[in-house]
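Taking it in order: structure first as structure tokens, then the write-up.
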Amino acid sequence: MFENKMELSFLAKSENEAFARVAVAAFMTQLNPTLAEAMEVKTAVSEAVTNAIIHGYEQMGPENMVSVTCRLVGKEMFVEIADHGRGIADIDQAREPLYTSKPEMERSGMGFTVMEEFMDGLEVVSELGRGTTIILRKLIDG
């Protein structure tokens with residue numbers, strides 16, 4: 001059972017990535033994270049939100065929303081980033097370093113690698129035509 005929870009949703013626009021990152025960082029302050037822990041979570045959230053915005057939707061539309069849910073359980077923080085877009089055809093391939101489905105946008109293909117490096121857990125749930133949810137887990141030792 002979670003001890004605290006926060007939910008937000010926003011239009012899938014690049015300028016909202018910073019908002020999501022700051023909101024998650026503000027929420028996690030109650031766990032008294034170190035500066036390094038806070039930066040790791042912010043970076044992982046930034047990557048996940050950016051992926052949802054860039055890869056989740058083919059075209060911009062008012063129905064294209066990204067949601068972020070944070071849950072605190074003891075000293076662990078869980079962050080779910082979800083879109084309701086195209087989904088990922090091959091999750092294993094998408095998680096390979098340097099793989100990108102948008103080479104024309106000069107994407108580095110390191111998003112999942114960065115998330116895995118900075119977080120204690122990463123789960124990807126996706127269904128074609130229905131969207132993707134990234135679940136990040138971080139133990140905050142403070």
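Identifiers for the structure tokens are assigned positionally: chains receive A, B, ... in sequence, residues are indexed from 1 per chain, and ligands are indexed from 1 in the order shown.
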Enumerate, in order of chain and increasing residue number, the residues of stretch 34-132 of chain A with an atom no farther than 12 Å from stretch 5-22 of chain A, each with its shortest atom pair and distance in Å to one decimal, counting only C-alpha atoms, as a Markdown table.
| residue | atom | partner | partner_atom | distance |
| --- | --- | --- | --- | --- |
| A:Ala38 | CA | A:Val22 | CA | 10.1 |
| A:Met39 | CA | A:Arg21 | CA | 9.8 |
| A:Glu40 | CA | A:Arg21 | CA | 10.8 |
| A:Val41 | CA | A:Arg21 | CA | 8.4 |
| A:Lys42 | CA | A:Arg21 | CA | 5.3 |
| A:Thr43 | CA | A:Arg21 | CA | 7.7 |
| A:Ala44 | CA | A:Arg21 | CA | 8.8 |
| A:Val45 | CA | A:Arg21 | CA | 5.9 |
| A:Ser46 | CA | A:Arg21 | CA | 5.8 |
| A:Glu47 | CA | A:Glu17 | CA | 8.9 |
| A:Ala48 | CA | A:Glu17 | CA | 9.3 |
| A:Val49 | CA | A:Glu17 | CA | 6.1 |
| A:Thr50 | CA | A:Glu17 | CA | 6.5 |
| A:Asn51 | CA | A:Glu17 | CA | 10.0 |
| A:Ala52 | CA | A:Ala12 | CA | 7.5 |
| A:Ile53 | CA | A:Ala12 | CA | 5.0 |
| A:Ile54 | CA | A:Ser14 | CA | 8.0 |
| A:His55 | CA | A:Ala12 | CA | 10.3 |
| A:Gly56 | CA | A:Ala12 | CA | 8.8 |
| A:Tyr57 | CA | A:Ala12 | CA | 8.2 |
| A:Glu58 | CA | A:Ala12 | CA | 11.0 |
| A:Gln59 | CA | A:Ala12 | CA | 10.1 |
| A:Met60 | CA | A:Ala12 | CA | 7.6 |
| A:Gly61 | CA | A:Ala12 | CA | 8.4 |
| A:Pro62 | CA | A:Leu11 | CA | 7.0 |
| A:Glu63 | CA | A:Leu11 | CA | 7.7 |
| A:Asn64 | CA | A:Ala12 | CA | 5.5 |
| A:Met65 | CA | A:Leu11 | CA | 4.5 |
| A:Val66 | CA | A:Phe10 | CA | 5.6 |
| A:Ser67 | CA | A:Ser9 | CA | 4.1 |
| A:Val68 | CA | A:Leu8 | CA | 5.4 |
| A:Thr69 | CA | A:Glu7 | CA | 4.4 |
| A:Cys70 | CA | A:Met6 | CA | 5.1 |
| A:Arg71 | CA | A:Lys5 | CA | 4.5 |
| A:Leu72 | CA | A:Lys5 | CA | 6.4 |
| A:Val73 | CA | A:Lys5 | CA | 9.3 |
| A:Met77 | CA | A:Lys5 | CA | 9.7 |
| A:Phe78 | CA | A:Lys5 | CA | 9.5 |
| A:Val79 | CA | A:Met6 | CA | 9.5 |
| A:Glu80 | CA | A:Glu7 | CA | 9.4 |
| A:Ile81 | CA | A:Ser9 | CA | 9.5 |
| A:Ala82 | CA | A:Ser9 | CA | 9.3 |
| A:Asp83 | CA | A:Ala12 | CA | 8.4 |
| A:His84 | CA | A:Ala12 | CA | 10.3 |
| A:Gly85 | CA | A:Ala12 | CA | 10.2 |
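Atom pair atom CA of A:Asp92 / atom CA of A:Val114 has a distance of 15.2 Å (rounded to one decimal).
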Please identify which residues in stretch 64-134 of chain A DSSP calls helix (DSSP H, G or I) from the backbone, and express them as a PyMOL selection string.
chain A and resi 91-94+103-105+111-118
Any idea what the distance is between atom CA of A:Asn32 and atom CA of A:Met110?
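Separating atom CA of A:Asn32 from atom CA of A:Met110 is a distance of 28.4 Å.
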Rounded to one decimal place, report the atom CA of A:Ala36-atom CA of A:Val125 distance in Å.
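For atom CA of A:Ala36 relative to atom CA of A:Val125, the distance reads 27.4 Å.
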Those in stretch 12-123 of chain A with strand (DSSP E) from DSSP, as a ChimeraX atom specification:
/A:65-73,76-83,121-123
Can those selected residues be exported to a file as a PDB file, in the first residue's frame so that it contains N, CA and C atoms?
ATOM      1  N   MET A  65      -2.360  12.963 -24.567  1.00  0.00           N
ATOM      2  CA  MET A  65      -1.989  13.295 -23.197  1.00  0.00           C
ATOM      3  C   MET A  65      -0.926  12.329 -22.678  1.00  0.00           C
ATOM      4  N   VAL A  66      -0.110  12.832 -21.768  1.00  0.00           N
ATOM      5  CA  VAL A  66       0.862  12.026 -21.033  1.00  0.00           C
ATOM      6  C   VAL A  66       0.474  12.143 -19.567  1.00  0.00           C
ATOM      7  N   SER A  67       0.524  11.029 -18.858  1.00  0.00           N
ATOM      8  CA  SER A  67       0.222  11.076 -17.429  1.00  0.00           C
ATOM      9  C   SER A  67       1.421  10.584 -16.635  1.00  0.00           C
ATOM     10  N   VAL A  68       1.580  11.168 -15.469  1.00  0.00           N
ATOM     11  CA  VAL A  68       2.648  10.806 -14.537  1.00  0.00           C
ATOM     12  C   VAL A  68       1.996  10.545 -13.186  1.00  0.00           C
ATOM     13  N   THR A  69       2.287   9.378 -12.629  1.00  0.00           N
ATOM     14  CA  THR A  69       1.790   9.021 -11.309  1.00  0.00           C
ATOM     15  C   THR A  69       2.978   8.641 -10.444  1.00  0.00           C
ATOM     16  N   CYS A  70       3.073   9.240  -9.268  1.00  0.00           N
ATOM     17  CA  CYS A  70       4.140   8.906  -8.308  1.00  0.00           C
ATOM     18  C   CYS A  70       3.507   8.288  -7.076  1.00  0.00           C
ATOM     19  N   ARG A  71       4.147   7.232  -6.583  1.00  0.00           N
ATOM     20  CA  ARG A  71       3.718   6.598  -5.337  1.00  0.00           C
ATOM     21  C   ARG A  71       4.936   6.426  -4.454  1.00  0.00           C
ATOM     22  N   LEU A  72       4.756   6.691  -3.176  1.00  0.00           N
ATOM     23  CA  LEU A  72       5.815   6.471  -2.191  1.00  0.00           C
ATOM     24  C   LEU A  72       5.421   5.301  -1.313  1.00  0.00           C
ATOM     25  N   VAL A  73       6.345   4.370  -1.160  1.00  0.00           N
ATOM     26  CA  VAL A  73       6.159   3.211  -0.291  1.00  0.00           C
ATOM     27  C   VAL A  73       7.424   3.104   0.539  1.00  0.00           C
ATOM     28  N   GLU A  76      10.903   3.917  -0.972  1.00  0.00           N
ATOM     29  CA  GLU A  76      10.900   3.692  -2.414  1.00  0.00           C
ATOM     30  C   GLU A  76       9.903   4.612  -3.099  1.00  0.00           C
ATOM     31  N   MET A  77      10.319   5.080  -4.267  1.00  0.00           N
ATOM     32  CA  MET A  77       9.434   5.889  -5.088  1.00  0.00           C
ATOM     33  C   MET A  77       9.204   5.157  -6.405  1.00  0.00           C
ATOM     34  N   PHE A  78       7.940   5.081  -6.806  1.00  0.00           N
ATOM     35  CA  PHE A  78       7.548   4.496  -8.077  1.00  0.00           C
ATOM     36  C   PHE A  78       6.974   5.615  -8.927  1.00  0.00           C
ATOM     37  N   VAL A  79       7.429   5.702 -10.164  1.00  0.00           N
ATOM     38  CA  VAL A  79       6.942   6.723 -11.084  1.00  0.00           C
ATOM     39  C   VAL A  79       6.464   6.011 -12.344  1.00  0.00           C
ATOM     40  N   GLU A  80       5.199   6.232 -12.702  1.00  0.00           N
ATOM     41  CA  GLU A  80       4.630   5.681 -13.924  1.00  0.00           C
ATOM     42  C   GLU A  80       4.402   6.808 -14.908  1.00  0.00           C
ATOM     43  N   ILE A  81       4.940   6.653 -16.106  1.00  0.00           N
ATOM     44  CA  ILE A  81       4.737   7.621 -17.180  1.00  0.00           C
ATOM     45  C   ILE A  81       3.989   6.883 -18.290  1.00  0.00           C
ATOM     46  N   ALA A  82       2.824   7.391 -18.667  1.00  0.00           N
ATOM     47  CA  ALA A  82       1.985   6.676 -19.635  1.00  0.00           C
ATOM     48  C   ALA A  82       1.503   7.587 -20.749  1.00  0.00           C
ATOM     49  N   ASP A  83       1.428   6.999 -21.941  1.00  0.00           N
ATOM     50  CA  ASP A  83       0.762   7.652 -23.065  1.00  0.00           C
ATOM     51  C   ASP A  83      -0.277   6.669 -23.594  1.00  0.00           C
ATOM     52  N   GLY A 121      14.809   0.052 -10.774  1.00  0.00           N
ATOM     53  CA  GLY A 121      13.925  -0.844 -11.503  1.00  0.00           C
ATOM     54  C   GLY A 121      13.283  -0.118 -12.664  1.00  0.00           C
ATOM     55  N   LEU A 122      13.059  -0.848 -13.754  1.00  0.00           N
ATOM     56  CA  LEU A 122      12.419  -0.289 -14.942  1.00  0.00           C
ATOM     57  C   LEU A 122      11.565  -1.385 -15.571  1.00  0.00           C
ATOM     58  N   GLU A 123      10.294  -1.089 -15.754  1.00  0.00           N
ATOM     59  CA  GLU A 123       9.387  -2.009 -16.419  1.00  0.00           C
ATOM     60  C   GLU A 123       8.720  -1.255 -17.557  1.00  0.00           C
TER      61      GLU A 123
END
Identify which of the residues A:Pro33, A:Gly74, A:Pro97, A:Gly131 lies closest to A:Glu116, counting only C-alpha atoms when measuring atom-to-atom distances.
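Of the candidates, the smallest distance to A:Glu116 is held by A:Pro97.
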